[in-house]
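To be precise, the following lines are my_file-v5.txt, and they hold compact mmCIF, C-alpha atoms.
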# COMPACT_ATOMS: atom_id res chain seq x y z
CA MET A 1 -31.42 2.28 -15.01
CA VAL A 2 -28.75 2.88 -12.40
CA LEU A 3 -25.53 4.76 -13.12
CA VAL A 4 -22.49 3.86 -11.04
CA GLU A 5 -19.50 6.14 -11.48
CA VAL A 6 -16.15 4.96 -10.19
CA MET A 7 -13.70 7.76 -9.52
CA GLY A 8 -10.02 7.02 -9.38
CA VAL A 9 -6.56 8.19 -10.26
CA ASP A 10 -5.59 7.99 -13.88
CA PRO A 11 -3.52 5.86 -14.62
CA PRO A 12 -5.41 3.68 -12.14
CA CYS A 13 -3.75 2.70 -8.90
CA LYS A 14 -4.39 -0.79 -7.60
CA ARG A 15 -7.06 0.26 -5.15
CA CYS A 16 -9.00 2.11 -7.83
CA ALA A 17 -8.73 -0.86 -10.18
CA THR A 18 -10.12 -3.19 -7.50
CA THR A 19 -13.02 -0.84 -6.91
CA GLN A 20 -13.75 -0.72 -10.62
CA LYS A 21 -13.72 -4.53 -10.75
CA ASN A 22 -16.04 -4.80 -7.73
CA ALA A 23 -18.46 -2.34 -9.30
CA GLU A 24 -18.53 -4.30 -12.56
CA ASP A 25 -18.98 -7.49 -10.59
CA ALA A 26 -21.95 -6.01 -8.73
CA ALA A 27 -23.40 -4.72 -12.01
CA SER A 28 -23.27 -8.10 -13.74
CA ARG A 29 -24.84 -9.83 -10.73
CA LEU A 30 -27.63 -7.27 -10.57
CA GLY A 31 -28.07 -7.63 -14.33
CA LYS A 32 -29.06 -11.26 -13.77
CA GLU A 33 -31.69 -10.09 -11.31
CA GLY A 34 -33.10 -7.75 -13.90
CA ILE A 35 -31.67 -4.49 -12.56
CA GLU A 36 -29.80 -2.61 -15.25
CA VAL A 37 -26.58 -1.00 -14.04
CA THR A 38 -24.07 1.00 -16.05
CA VAL A 39 -20.58 1.38 -14.65
CA SER A 40 -18.45 4.25 -15.90
CA LYS A 41 -15.04 5.47 -14.91
CA LEU A 42 -14.09 9.06 -14.05
CA ASP A 43 -10.67 10.59 -13.56
CA ILE A 44 -10.76 11.96 -10.03
CA SER A 45 -8.31 14.78 -10.72
CA ALA A 46 -10.09 16.00 -13.84
CA LYS A 47 -11.67 19.44 -13.60
CA ASP A 48 -15.13 18.18 -14.50
CA THR A 49 -15.14 15.49 -11.85
CA ILE A 50 -14.03 17.87 -9.14
CA SER A 51 -16.53 20.55 -10.01
CA LYS A 52 -19.28 17.94 -10.11
CA TYR A 53 -18.52 15.90 -7.00
CA GLY A 54 -15.67 17.54 -5.08
CA VAL A 55 -14.32 14.17 -3.99
CA ILE A 56 -10.62 14.01 -3.35
CA LEU A 57 -10.12 10.68 -1.68
CA SER A 58 -9.84 7.91 -4.18
CA PRO A 59 -11.26 5.41 -4.84
CA ALA A 60 -14.77 6.83 -4.70
CA ILE A 61 -18.16 5.74 -6.00
CA ALA A 62 -21.18 7.81 -6.95
CA VAL A 63 -24.52 6.14 -7.55
CA ASN A 64 -27.02 8.08 -9.65
CA GLY A 65 -25.10 11.29 -9.11
CA LYS A 66 -24.65 10.91 -5.37
CA VAL A 67 -21.31 10.13 -3.73
CA ARG A 68 -21.73 7.09 -1.52
CA VAL A 69 -18.20 5.82 -0.88
CA ALA A 70 -14.93 7.75 -0.69
CA GLY A 71 -11.41 6.72 0.26
CA ARG A 72 -11.92 2.98 0.56
CA ILE A 73 -12.70 -0.12 -1.47
CA PRO A 74 -16.33 -1.24 -1.24
CA SER A 75 -17.07 -4.95 -1.77
CA PRO A 76 -19.40 -6.05 -4.59
CA ASP A 77 -21.99 -6.94 -1.94
CA GLU A 78 -21.90 -3.45 -0.52
CA ILE A 79 -22.29 -1.86 -3.93
CA MET A 80 -25.25 -4.16 -4.65
CA LYS A 81 -26.82 -3.20 -1.36
CA ILE A 82 -26.43 0.54 -2.05
CA ILE A 83 -28.08 0.11 -5.44
CA LYS A 84 -30.92 -2.00 -4.06
CA GLN A 85 -31.62 0.60 -1.37
CA LEU A 86 -32.49 3.06 -4.11
CA GLY A 87 -35.69 1.13 -4.67
CA PRO A 88 -37.41 0.72 -8.01
CA SER A 89 -36.59 3.51 -10.43
CA MET B 1 -22.09 -3.96 4.76
CA GLU B 2 -22.66 -7.60 5.51
CA ASN B 3 -25.59 -9.12 7.32
CA LEU B 4 -24.07 -10.68 10.40
CA ASN B 5 -25.58 -11.69 13.65
CA PRO B 6 -24.74 -9.21 16.41
CA LYS B 7 -22.77 -11.74 18.47
CA VAL B 8 -20.38 -12.54 15.62
CA ARG B 9 -20.02 -8.86 14.94
CA SER B 10 -19.12 -7.92 18.49
CA LEU B 11 -16.71 -10.84 18.77
CA ARG B 12 -15.01 -9.73 15.59
CA THR B 13 -14.81 -6.15 16.86
CA THR B 14 -13.20 -7.32 20.11
CA VAL B 15 -10.57 -9.44 18.35
CA LEU B 16 -9.63 -6.62 15.96
CA VAL B 17 -9.43 -3.96 18.65
CA ALA B 18 -7.35 -6.34 20.79
CA PHE B 19 -4.96 -6.87 17.89
CA VAL B 20 -4.40 -3.16 17.34
CA ALA B 21 -4.04 -2.64 21.10
CA ALA B 22 -1.44 -5.44 21.22
CA VAL B 23 0.59 -3.81 18.45
CA PHE B 24 0.55 -0.49 20.32
CA ALA B 25 1.44 -2.24 23.58
CA ALA B 26 4.38 -3.98 21.90
CA LEU B 27 5.82 -0.62 20.88
CA VAL B 28 5.27 0.90 24.31
CA HIS B 29 6.88 -2.17 25.87
CA SER B 30 9.92 -1.82 23.63
CA ARG B 31 10.20 1.81 24.74
CA ILE B 32 10.01 0.94 28.42
CA MET B 33 12.57 -1.82 28.08
CA ALA B 34 14.62 0.65 26.02
CA TYR B 35 15.83 -1.69 23.35
CA SER B 36 16.68 -0.47 19.92
CA LEU B 37 14.32 -0.97 17.01
CA ALA B 38 16.94 0.10 14.51
CA PRO B 39 19.63 -1.99 12.83
CA THR B 40 22.46 -2.52 15.34
CA MET B 41 25.20 -3.90 13.09
CA LYS B 42 28.19 -1.64 12.63
CA PRO B 43 30.32 -1.57 9.47
CA ALA B 44 33.08 -3.50 11.28
CA ASP B 45 30.70 -6.39 11.96
CA PHE B 46 30.55 -7.15 8.25
CA HIS B 47 34.25 -7.89 7.87
CA GLY B 48 34.98 -11.49 7.04
CA LEU B 49 31.39 -12.43 6.23
CA PRO B 50 30.82 -14.33 2.94
CA ILE B 51 29.41 -12.02 0.29
CA TRP B 52 26.03 -13.78 -0.05
CA TYR B 53 25.56 -13.76 3.70
CA ILE B 54 25.95 -9.98 4.19
CA PRO B 55 22.38 -8.95 3.29
CA LEU B 56 20.92 -11.91 5.16
CA ALA B 57 22.81 -11.03 8.32
CA TYR B 58 21.78 -7.40 8.02
CA ILE B 59 18.11 -8.07 7.33
CA TRP B 60 17.97 -10.62 10.15
CA ASP B 61 19.67 -8.15 12.49
CA TYR B 62 17.09 -5.54 11.55
CA LEU B 63 13.99 -7.71 11.54
CA SER B 64 14.71 -9.51 14.81
CA HIS B 65 13.92 -6.28 16.64
CA GLY B 66 12.66 -3.90 13.94
CA TRP B 67 9.50 -5.87 13.15
CA ILE B 68 7.66 -4.15 15.99
CA CYS B 69 8.44 -0.78 14.52
CA LEU B 70 7.38 -1.78 10.99
CA LEU B 71 4.19 -3.45 12.18
CA PHE B 72 3.34 -0.44 14.31
CA ALA B 73 4.02 2.01 11.51
CA PHE B 74 1.85 0.22 8.97
CA VAL B 75 -1.00 -0.57 11.37
CA THR B 76 -1.07 3.04 12.59
CA ALA B 77 -1.04 4.41 9.06
CA GLY B 78 -4.00 2.19 8.13
CA VAL B 79 -6.01 2.95 11.25
CA ILE B 80 -5.48 6.72 11.07
CA TYR B 81 -6.35 6.80 7.39
CA GLU B 82 -9.57 4.91 8.03
CA PHE B 83 -10.70 6.73 11.16
CA ILE B 84 -9.77 10.35 10.54
CA PRO B 85 -12.98 12.15 9.54
CA LYS B 86 -12.70 12.62 5.82
CA ASP B 87 -15.27 15.32 5.39
CA ILE B 88 -12.92 17.81 7.12
CA ILE B 89 -10.98 17.90 3.90
CA ASN B 90 -14.01 18.49 1.75
CA ARG B 91 -15.27 21.16 4.08
CA TYR B 92 -12.11 23.25 4.38
CA MET B 93 -10.57 22.66 1.02
CA SER B 94 -12.39 25.48 -0.67
CA SER B 95 -12.66 27.90 2.21
CA GLY B 96 -9.90 30.31 1.34
CA LYS B 97 -6.19 30.86 1.66
CA ALA B 98 -5.30 30.62 5.34
CA SER B 99 -7.26 27.49 6.08
CA GLY B 100 -6.06 26.09 2.76
CA TYR B 101 -2.46 26.34 3.98
CA ALA B 102 -3.38 24.87 7.36
CA LEU B 103 -5.12 21.98 5.66
CA GLY B 104 -2.29 21.38 3.22
CA VAL B 105 0.47 21.21 5.80
CA GLY B 106 -1.46 20.03 8.84
CA VAL B 107 -4.11 17.52 7.91
CA ALA B 108 -3.30 16.30 4.46
CA PRO B 109 -0.06 14.47 5.37
CA PHE B 110 -2.17 11.97 7.32
CA PHE B 111 -3.88 10.92 4.12
CA THR B 112 -0.91 10.68 1.89
CA VAL B 113 0.81 7.45 2.69
CA CYS B 114 -0.28 6.32 -0.77
CA SER B 115 -0.12 7.94 -4.19
CA CYS B 116 -3.81 7.06 -4.57
CA THR B 117 -4.61 10.10 -2.47
CA MET B 118 -1.57 12.26 -3.15
CA ILE B 119 -2.40 13.35 -6.70
CA PRO B 120 -6.18 13.82 -6.23
CA LEU B 121 -5.56 15.87 -3.10
CA PHE B 122 -3.08 18.10 -4.89
CA SER B 123 -5.41 18.80 -7.79
CA GLY B 124 -8.36 18.98 -5.40
CA ILE B 125 -6.80 21.72 -3.30
CA LEU B 126 -5.78 23.57 -6.45
CA TYR B 127 -9.11 23.36 -8.28
CA ALA B 128 -11.42 23.74 -5.32
CA GLY B 129 -10.47 27.31 -4.60
CA ALA B 130 -7.63 27.34 -2.07
CA GLY B 131 -5.28 27.90 -4.97
CA ILE B 132 -1.76 27.12 -6.03
CA GLY B 133 0.00 28.17 -2.79
CA PRO B 134 -1.68 25.68 -0.45
CA ALA B 135 -1.49 23.00 -3.16
CA ILE B 136 2.29 23.40 -3.40
CA SER B 137 2.65 23.48 0.39
CA PHE B 138 0.73 20.25 0.56
CA LEU B 139 2.82 18.65 -2.14
CA LEU B 140 6.05 19.47 -0.32
CA MET B 141 4.81 18.66 3.17
CA ALA B 142 3.07 15.38 2.48
CA PRO B 143 6.00 13.11 1.64
CA ALA B 144 8.23 14.69 4.28
CA ALA B 145 5.79 14.42 7.15
CA ASN B 146 3.45 11.51 6.67
CA ILE B 147 2.99 9.00 9.47
CA LEU B 148 5.14 6.26 7.99
CA THR B 149 8.07 8.54 7.27
CA ILE B 150 8.04 10.19 10.68
CA LEU B 151 7.75 6.94 12.62
CA LEU B 152 10.53 5.27 10.68
CA THR B 153 12.84 8.29 10.72
CA GLY B 154 12.35 8.49 14.48
CA GLU B 155 12.89 4.81 15.15
CA ILE B 156 15.65 4.08 12.67
CA ILE B 157 17.66 7.31 12.78
CA SER B 158 16.71 9.45 15.78
CA TRP B 159 13.71 11.30 17.10
CA GLN B 160 15.69 14.51 17.20
CA ILE B 161 16.25 14.36 13.45
CA ALA B 162 12.62 13.34 12.90
CA VAL B 163 11.30 16.37 14.79
CA VAL B 164 13.75 18.77 13.14
CA ARG B 165 12.73 17.31 9.80
CA ILE B 166 9.06 18.08 10.46
CA PHE B 167 9.76 21.71 11.28
CA THR B 168 12.20 22.35 8.45
CA SER B 169 9.81 20.71 5.99
CA LEU B 170 7.00 22.85 7.33
CA ALA B 171 9.01 26.01 6.77
CA THR B 172 10.01 24.89 3.28
CA ALA B 173 6.44 24.01 2.35
CA LEU B 174 4.94 27.28 3.55
CA VAL B 175 7.60 29.52 2.04
CA ALA B 176 7.56 27.69 -1.29
CA GLY B 177 3.76 27.85 -1.41
CA ILE B 178 3.65 31.56 -0.62
CA ILE B 179 6.42 32.48 -3.06
CA ILE B 180 4.91 30.48 -5.91
CA SER B 181 1.44 31.93 -5.35
CA HIS B 182 2.99 35.36 -6.09
CA THR B 183 4.82 34.41 -9.27
CA PRO B 184 3.18 35.19 -12.63
CA TRP B 185 3.29 31.54 -13.70
CA GLY B 186 1.78 30.43 -10.40
CA ARG B 187 -1.07 32.92 -10.79
CA GLU B 188 -1.62 31.78 -14.33
CA ILE B 189 -2.30 28.20 -13.19
CA GLU B 190 -4.52 29.46 -10.41
CA ASN B 191 -6.63 31.64 -12.70
CA GLU B 192 -7.17 28.79 -15.09
CA HIS B 193 -8.91 26.82 -12.38
CA LYS B 194 -10.51 29.50 -10.32
CA SER B 195 -14.11 29.12 -11.33
CA ASN B 196 -14.39 25.53 -10.22
CA SER B 197 -16.06 25.13 -6.90
CA PRO B 198 -16.74 21.58 -5.85
CA GLY B 199 -20.29 20.30 -5.67
CA ASN B 200 -20.73 19.15 -2.12
CA ALA B 201 -24.49 18.80 -2.24
CA SER B 202 -24.52 15.39 -3.84
CA THR B 203 -22.84 13.42 -1.10
CA SER B 204 -24.20 10.90 1.34
CA ILE B 205 -21.41 8.65 2.52
CA GLU B 206 -22.26 5.15 3.67
CA LYS B 207 -21.46 4.50 7.32
CA LEU B 208 -19.74 1.26 8.27
CA PRO B 209 -19.96 -0.63 11.58
CA LEU B 210 -16.78 -0.63 13.70
CA ASP B 211 -15.62 -4.14 12.87
CA GLU B 212 -15.82 -3.53 9.15
CA LYS B 213 -13.97 -0.24 9.57
CA MET B 214 -11.21 -2.08 11.40
CA ILE B 215 -10.99 -4.70 8.67
CA SER B 216 -10.87 -1.99 6.06
CA ALA B 217 -8.10 -0.24 8.04
CA LEU B 218 -6.00 -3.38 8.34
CA LYS B 219 -6.55 -4.17 4.68
CA PHE B 220 -5.16 -0.76 3.87
CA SER B 221 -2.15 -1.43 6.14
CA TRP B 222 -1.58 -4.68 4.28
CA TYR B 223 -1.87 -2.91 0.95
CA LEU B 224 0.67 -0.28 2.02
CA GLY B 225 2.99 -2.98 3.25
CA ARG B 226 2.84 -4.80 -0.06
CA GLN B 227 3.53 -1.59 -1.95
CA ILE B 228 6.39 -0.34 0.16
CA LEU B 229 8.11 -3.29 1.83
CA PRO B 230 9.61 -4.83 -1.34
CA PHE B 231 11.45 -1.54 -1.96
CA PHE B 232 12.32 -1.34 1.68
CA PHE B 233 13.95 -4.80 1.65
CA ALA B 234 15.73 -4.10 -1.62
CA GLY B 235 16.97 -0.96 0.13
CA LEU B 236 18.19 -3.00 3.10
CA ILE B 237 20.17 -5.27 0.77
CA VAL B 238 21.82 -2.28 -0.91
CA VAL B 239 22.55 -0.69 2.46
CA SER B 240 24.15 -3.86 3.79
CA TYR B 241 26.65 -3.83 0.90
CA VAL B 242 27.19 -0.10 1.24
CA GLU B 243 28.02 -0.55 4.90
CA ALA B 244 30.24 -3.53 4.20
CA PHE B 245 32.21 -2.17 1.27
CA LEU B 246 32.05 1.61 1.08
CA PRO B 247 35.27 2.82 2.73
CA GLU B 248 34.61 5.00 5.76
CA ARG B 249 37.24 7.52 4.76
CA LEU B 250 35.31 8.18 1.55
CA VAL B 251 32.10 8.95 3.46
CA VAL B 252 33.91 10.99 6.09
CA GLY B 253 35.80 12.80 3.33
CA TYR B 254 32.80 13.70 1.18
CA LEU B 255 29.73 13.68 3.40
CA THR B 256 30.81 15.99 6.19
CA GLY B 257 31.11 19.76 6.47
CA VAL B 258 29.63 22.26 4.04
CA GLN B 259 30.60 20.15 1.08
CA GLY B 260 28.83 17.17 2.66
CA ILE B 261 25.61 19.15 2.98
CA LEU B 262 25.75 20.32 -0.63
CA LEU B 263 26.48 16.85 -1.91
CA ALA B 264 23.83 15.18 0.26
CA SER B 265 21.16 17.67 -0.79
CA VAL B 266 21.84 17.03 -4.48
CA VAL B 267 22.21 13.26 -4.30
CA GLY B 268 19.32 12.84 -1.89
CA GLY B 269 16.49 13.99 -4.16
CA PRO B 270 16.87 12.01 -7.35
CA LEU B 271 17.95 8.93 -5.39
CA TYR B 272 14.74 8.39 -3.60
CA THR B 273 12.18 7.06 -5.81
CA PRO B 274 10.87 4.42 -3.43
CA THR B 275 9.63 5.65 -0.09
CA LEU B 276 11.45 4.84 3.12
CA VAL B 277 14.63 3.63 1.43
CA GLU B 278 16.23 7.01 2.03
CA ILE B 279 15.82 6.45 5.75
CA VAL B 280 17.70 3.14 5.86
CA LEU B 281 20.33 4.40 3.46
CA GLY B 282 20.73 7.56 5.53
CA ARG B 283 21.19 5.42 8.62
CA GLY B 284 23.84 3.34 6.85
CA LEU B 285 25.77 6.43 5.75
CA LEU B 286 25.49 7.87 9.25
CA ASN B 287 27.12 4.71 10.60
CA LEU B 288 29.92 5.20 8.11
CA GLY B 289 30.57 8.73 9.30
CA MET B 290 28.23 11.08 7.42
CA SER B 291 27.55 14.18 9.52
CA GLN B 292 24.13 14.73 11.12
CA ALA B 293 23.79 18.04 9.31
CA ALA B 294 24.37 16.40 5.94
CA LEU B 295 21.89 13.68 6.90
CA LEU B 296 19.19 16.30 7.45
CA SER B 297 19.83 17.80 4.00
CA TRP B 298 19.76 14.30 2.59
CA LEU B 299 16.37 13.53 4.12
CA MET B 300 14.92 16.87 3.07
CA GLY B 301 15.60 16.17 -0.58
CA GLN B 302 12.54 13.97 -0.78
CA PRO B 303 9.96 16.53 -1.94
CA TYR B 304 11.79 17.15 -5.16
CA ASP B 305 12.19 13.54 -6.15
CA ILE B 306 11.54 12.82 -9.79
CA PRO B 307 8.23 10.86 -9.89
CA ASN B 308 6.65 13.44 -7.61
CA MET B 309 7.76 16.25 -9.93
CA MET B 310 6.47 14.44 -13.00
CA ALA B 311 3.03 13.98 -11.47
CA ALA B 312 2.88 17.62 -10.39
CA SER B 313 4.08 18.95 -13.73
CA LYS B 314 1.13 17.29 -15.48
CA ILE B 315 -1.16 19.61 -13.55
CA ALA B 316 0.93 22.65 -12.65
CA ARG B 317 3.43 22.71 -15.55
CA TRP B 318 7.19 22.81 -15.42
CA ARG B 319 7.79 26.41 -14.35
CA VAL B 320 5.97 25.92 -11.08
CA VAL B 321 7.68 22.58 -10.54
CA ALA B 322 11.13 24.04 -11.27
CA SER B 323 10.47 26.90 -8.84
CA TYR B 324 9.45 24.69 -5.96
CA ALA B 325 12.29 22.25 -6.61
CA LEU B 326 14.76 25.13 -6.44
CA ILE B 327 13.21 26.51 -3.24
CA ALA B 328 13.14 23.06 -1.66
CA TRP B 329 16.78 22.51 -2.57
CA ALA B 330 17.84 25.87 -1.11
CA PHE B 331 15.97 25.07 2.10
CA SER B 332 17.53 21.66 2.32
CA VAL B 333 21.01 23.24 2.15
CA PHE B 334 20.21 26.02 4.63
CA SER B 335 18.51 23.66 7.07
CA GLY B 336 21.56 21.40 6.99
CA LEU B 337 23.87 24.35 7.61
CA GLY B 338 21.63 25.74 10.34
CA TYR B 339 21.30 22.40 12.07
CA GLY B 340 25.05 21.87 11.88
CA VAL B 341 25.69 25.25 13.50
CA VAL B 342 23.09 24.65 16.23
CA ILE B 343 24.39 21.24 17.26
CA GLY B 344 27.94 22.53 16.88
CA LYS B 345 29.06 19.96 14.32
CA LEU B 346 28.99 20.64 10.62
Structure encoded using structure tokens:
Amino acid sequence: MVLVEVMGVDPPCKRCATTQKNAEDAASRLGKEGIEVTVSKLDISAKDTISKYGVILSPAIAVNGKVRVAGRIPSPDEIMKIIKQLGPS
Amino acid sequence: MENLNPKVRSLRTTVLVAFVAAVFAALVHSRIMAYSLAPTMKPADFHGLPIWYIPLAYIWDYLSHGWICLLFAFVTAGVIYEFIPKDIINRYMSSGKASGYALGVGVAPFFTVCSCTMIPLFSGILYAGAGIGPAISFLLMAPAANILTILLTGEIISWQIAVVRIFTSLATALVAGIIISHTPWGREIENEHKSNSPGNASTSIEKLPLDEKMISALKFSWYLGRQILPFFFAGLIVVSYVEAFLPERLVVGYLTGVQGILLASVVGGPLYTPTLVEIVLGRGLLNLGMSQAALLSWLMGQPYDIPNMMAASKIARWRVVASYALIAWAFSVFSGLGYGVVIGKL
């Protein structure tokens, strides 16, 4: 199972909301291919998020605990590609 | 990242780079030909115009030459945001006081054209170890000296004011940060968050090819434009009526001298919720006779505008916010007075 964490400002700004949508989009498309993806949302300015990832440019995405995108909106295709690169897990 | 054939990719890169180069060239050209990118209508030009036509005339007057400036400002903001190396921030954010201040006032304003980055950066600097001082400096410096604000202040009002504004904001930001980091309530916030050091180990950022970076940059420009321009145009409409109907003797009477500075510094802050409107409105009042010194105080009110304070008070609580608002206000008054004395006109 793959965990995708979307980090954004809370309440979400438009760019963070788009990123969240793209991540969910990618997850549902990968679901059809048999890859299970969970998308969860983190508040980027929360203490826990900062001490875990130290990302300060929103929107950001971490896949399986690793920050892969920060400060821009990745497309669903790009998110799918990042997940597929992980290989079978 | 998309799978494209290399030819399409290099063609796309060329077109995008050419577009950005053309925008830059247009601005340079306007400089060489020395034509104004600011609104040129004077209050007297509005007399006798039908009431519905006033904003149209003003917006047309502005856009017919100001579009270059707006396009340049938004494209530059997008490109800089996309291309500035972002790991600088992560690297220096937690490395102690002095570099924390340098980061807050020097680098961070380039990232903060959008509230998407403003709030996370503030809490990031605070939590990651640099502490409350640099965080406050950043919060005060960012809105006063980001790329959009500087470019538009320079083009619409004057570059002299824009440069003075950068330096006075810098002084305000540093002094406010240092003072607050020594207050008991500032220390209290800092101690609460001290133990958090950011985990940098778990990062491996995806690299994008140049053409996709450019597209991402221009998309961000477009996003900024959509966020800010509606307010900007609403501002232009208000300013056109202000210029047409606000009697000059009222502005000259109230917005000049020491009283003008005091009034401008108080009215300035709460008035600017939307970004950039203060610049057009300031220009309009300047045309009507507001003094340059009062205009500087007016522009410097921005850091203590209300939405900004609300966001900060969620993290740093009201005592810190009240302290920096007071310091920023005092600096806005003293900068106005100082500037008035230096240019010889209060």
Inset, instruction - Go through B:Leu126, B:Leu103, B:Val175, B:Val163 and flag the residue nearest chain A, using all atoms listed in the file for the distances. - result: B:Leu126
Answer as a PDB file with C-alpha atoms, in the frame of the given file, residues within 12 Å of (25.8, -11.8, 5.8) using all atoms listed in the file:
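Final output, saved to selection20.pdb:
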ATOM      1  CA  MET B  41      25.200  -3.900  13.090  1.00  0.00           C
ATOM      2  CA  PRO B  43      30.320  -1.570   9.470  1.00  0.00           C
ATOM      3  CA  ASP B  45      30.700  -6.390  11.960  1.00  0.00           C
ATOM      4  CA  PHE B  46      30.550  -7.150   8.250  1.00  0.00           C
ATOM      5  CA  HIS B  47      34.250  -7.890   7.870  1.00  0.00           C
ATOM      6  CA  GLY B  48      34.980 -11.490   7.040  1.00  0.00           C
ATOM      7  CA  LEU B  49      31.390 -12.430   6.230  1.00  0.00           C
ATOM      8  CA  PRO B  50      30.820 -14.330   2.940  1.00  0.00           C
ATOM      9  CA  ILE B  51      29.410 -12.020   0.290  1.00  0.00           C
ATOM     10  CA  TRP B  52      26.030 -13.780  -0.050  1.00  0.00           C
ATOM     11  CA  TYR B  53      25.560 -13.760   3.700  1.00  0.00           C
ATOM     12  CA  ILE B  54      25.950  -9.980   4.190  1.00  0.00           C
ATOM     13  CA  PRO B  55      22.380  -8.950   3.290  1.00  0.00           C
ATOM     14  CA  LEU B  56      20.920 -11.910   5.160  1.00  0.00           C
ATOM     15  CA  ALA B  57      22.810 -11.030   8.320  1.00  0.00           C
ATOM     16  CA  TYR B  58      21.780  -7.400   8.020  1.00  0.00           C
ATOM     17  CA  ILE B  59      18.110  -8.070   7.330  1.00  0.00           C
ATOM     18  CA  TRP B  60      17.970 -10.620  10.150  1.00  0.00           C
ATOM     19  CA  ASP B  61      19.670  -8.150  12.490  1.00  0.00           C
ATOM     20  CA  LEU B 236      18.190  -3.000   3.100  1.00  0.00           C
ATOM     21  CA  ILE B 237      20.170  -5.270   0.770  1.00  0.00           C
ATOM     22  CA  SER B 240      24.150  -3.860   3.790  1.00  0.00           C
ATOM     23  CA  TYR B 241      26.650  -3.830   0.900  1.00  0.00           C
ATOM     24  CA  GLU B 243      28.020  -0.550   4.900  1.00  0.00           C
ATOM     25  CA  ALA B 244      30.240  -3.530   4.200  1.00  0.00           C
TER      26      ALA B 244
END
I'd like a table as JSON lines: residues in chain A with an atom no more than 8 Å from chain B, each row giving the shortest atom pair and its distance in Å to one decimal, all atoms listed in the file counted, sorted by chain and rising residue number.
{"residue": "A:Gly8", "atom": "CA", "partner": "B:Cys116", "partner_atom": "CA", "distance": 7.9}
{"residue": "A:Val9", "atom": "CA", "partner": "B:Cys116", "partner_atom": "CA", "distance": 6.4}
{"residue": "A:Cys13", "atom": "CA", "partner": "B:Cys116", "partner_atom": "CA", "distance": 6.1}
{"residue": "A:Arg15", "atom": "CA", "partner": "B:Cys116", "partner_atom": "CA", "distance": 7.6}
{"residue": "A:Cys16", "atom": "CA", "partner": "B:Cys116", "partner_atom": "CA", "distance": 7.9}
{"residue": "A:Ile44", "atom": "CA", "partner": "B:Pro120", "partner_atom": "CA", "distance": 6.2}
{"residue": "A:Ser45", "atom": "CA", "partner": "B:Pro120", "partner_atom": "CA", "distance": 5.1}
{"residue": "A:Lys47", "atom": "CA", "partner": "B:Tyr127", "partner_atom": "CA", "distance": 7.1}
{"residue": "A:Ile50", "atom": "CA", "partner": "B:Pro198", "partner_atom": "CA", "distance": 5.7}
{"residue": "A:Ser51", "atom": "CA", "partner": "B:Pro198", "partner_atom": "CA", "distance": 4.3}
{"residue": "A:Lys52", "atom": "CA", "partner": "B:Gly199", "partner_atom": "CA", "distance": 5.1}
{"residue": "A:Tyr53", "atom": "CA", "partner": "B:Gly199", "partner_atom": "CA", "distance": 4.9}
{"residue": "A:Gly54", "atom": "CA", "partner": "B:Pro198", "partner_atom": "CA", "distance": 4.2}
{"residue": "A:Val55", "atom": "CA", "partner": "B:Asn90", "partner_atom": "CA", "distance": 7.2}
{"residue": "A:Ile56", "atom": "CA", "partner": "B:Pro120", "partner_atom": "CA", "distance": 5.3}
{"residue": "A:Leu57", "atom": "CA", "partner": "B:Thr117", "partner_atom": "CA", "distance": 5.6}
{"residue": "A:Ser58", "atom": "CA", "partner": "B:Thr117", "partner_atom": "CA", "distance": 5.9}
{"residue": "A:Pro59", "atom": "CA", "partner": "B:Cys116", "partner_atom": "CA", "distance": 7.6}
{"residue": "A:Gly65", "atom": "CA", "partner": "B:Ser202", "partner_atom": "CA", "distance": 6.7}
{"residue": "A:Lys66", "atom": "CA", "partner": "B:Ser202", "partner_atom": "CA", "distance": 4.7}
{"residue": "A:Val67", "atom": "CA", "partner": "B:Thr203", "partner_atom": "CA", "distance": 4.5}
{"residue": "A:Arg68", "atom": "CA", "partner": "B:Ile205", "partner_atom": "CA", "distance": 4.3}
{"residue": "A:Val69", "atom": "CA", "partner": "B:Ile205", "partner_atom": "CA", "distance": 5.5}
{"residue": "A:Ala70", "atom": "CA", "partner": "B:Ile205", "partner_atom": "CA", "distance": 7.3}
{"residue": "A:Arg72", "atom": "CA", "partner": "B:Ser216", "partner_atom": "CA", "distance": 7.5}
{"residue": "A:Ile73", "atom": "CA", "partner": "B:Ser216", "partner_atom": "CA", "distance": 8.0}
{"residue": "A:Asp77", "atom": "CA", "partner": "B:Met1", "partner_atom": "CA", "distance": 7.3}
{"residue": "A:Glu78", "atom": "CA", "partner": "B:Met1", "partner_atom": "CA", "distance": 5.3}
{"residue": "A:Lys81", "atom": "CA", "partner": "B:Met1", "partner_atom": "CA", "distance": 7.8}
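Each of B:Met214, B:Val105, B:Val333, B:Ala328 was checked against Ile166 (chain B) using all atoms listed in the file; the smallest atom-to-atom distance is that of B:Val105.
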Inset, instruction - Please measure the separation of CA of Glu33 (chain A) and CA of Glu212 (chain B), giving the value in Å to one decimal. - result: 26.7 Å
Specify the axis-aligned box that encloses all atoms of region 3-22 of chain A listed in the file after padding of 6 Å on each side, stating its centre and edge lengths in Å to one decimal as AutoDock Vina command-line options.
--center_x -14.5 --center_y 1.7 --center_z -9.9 --size_x 34.0 --size_y 25.0 --size_z 21.5
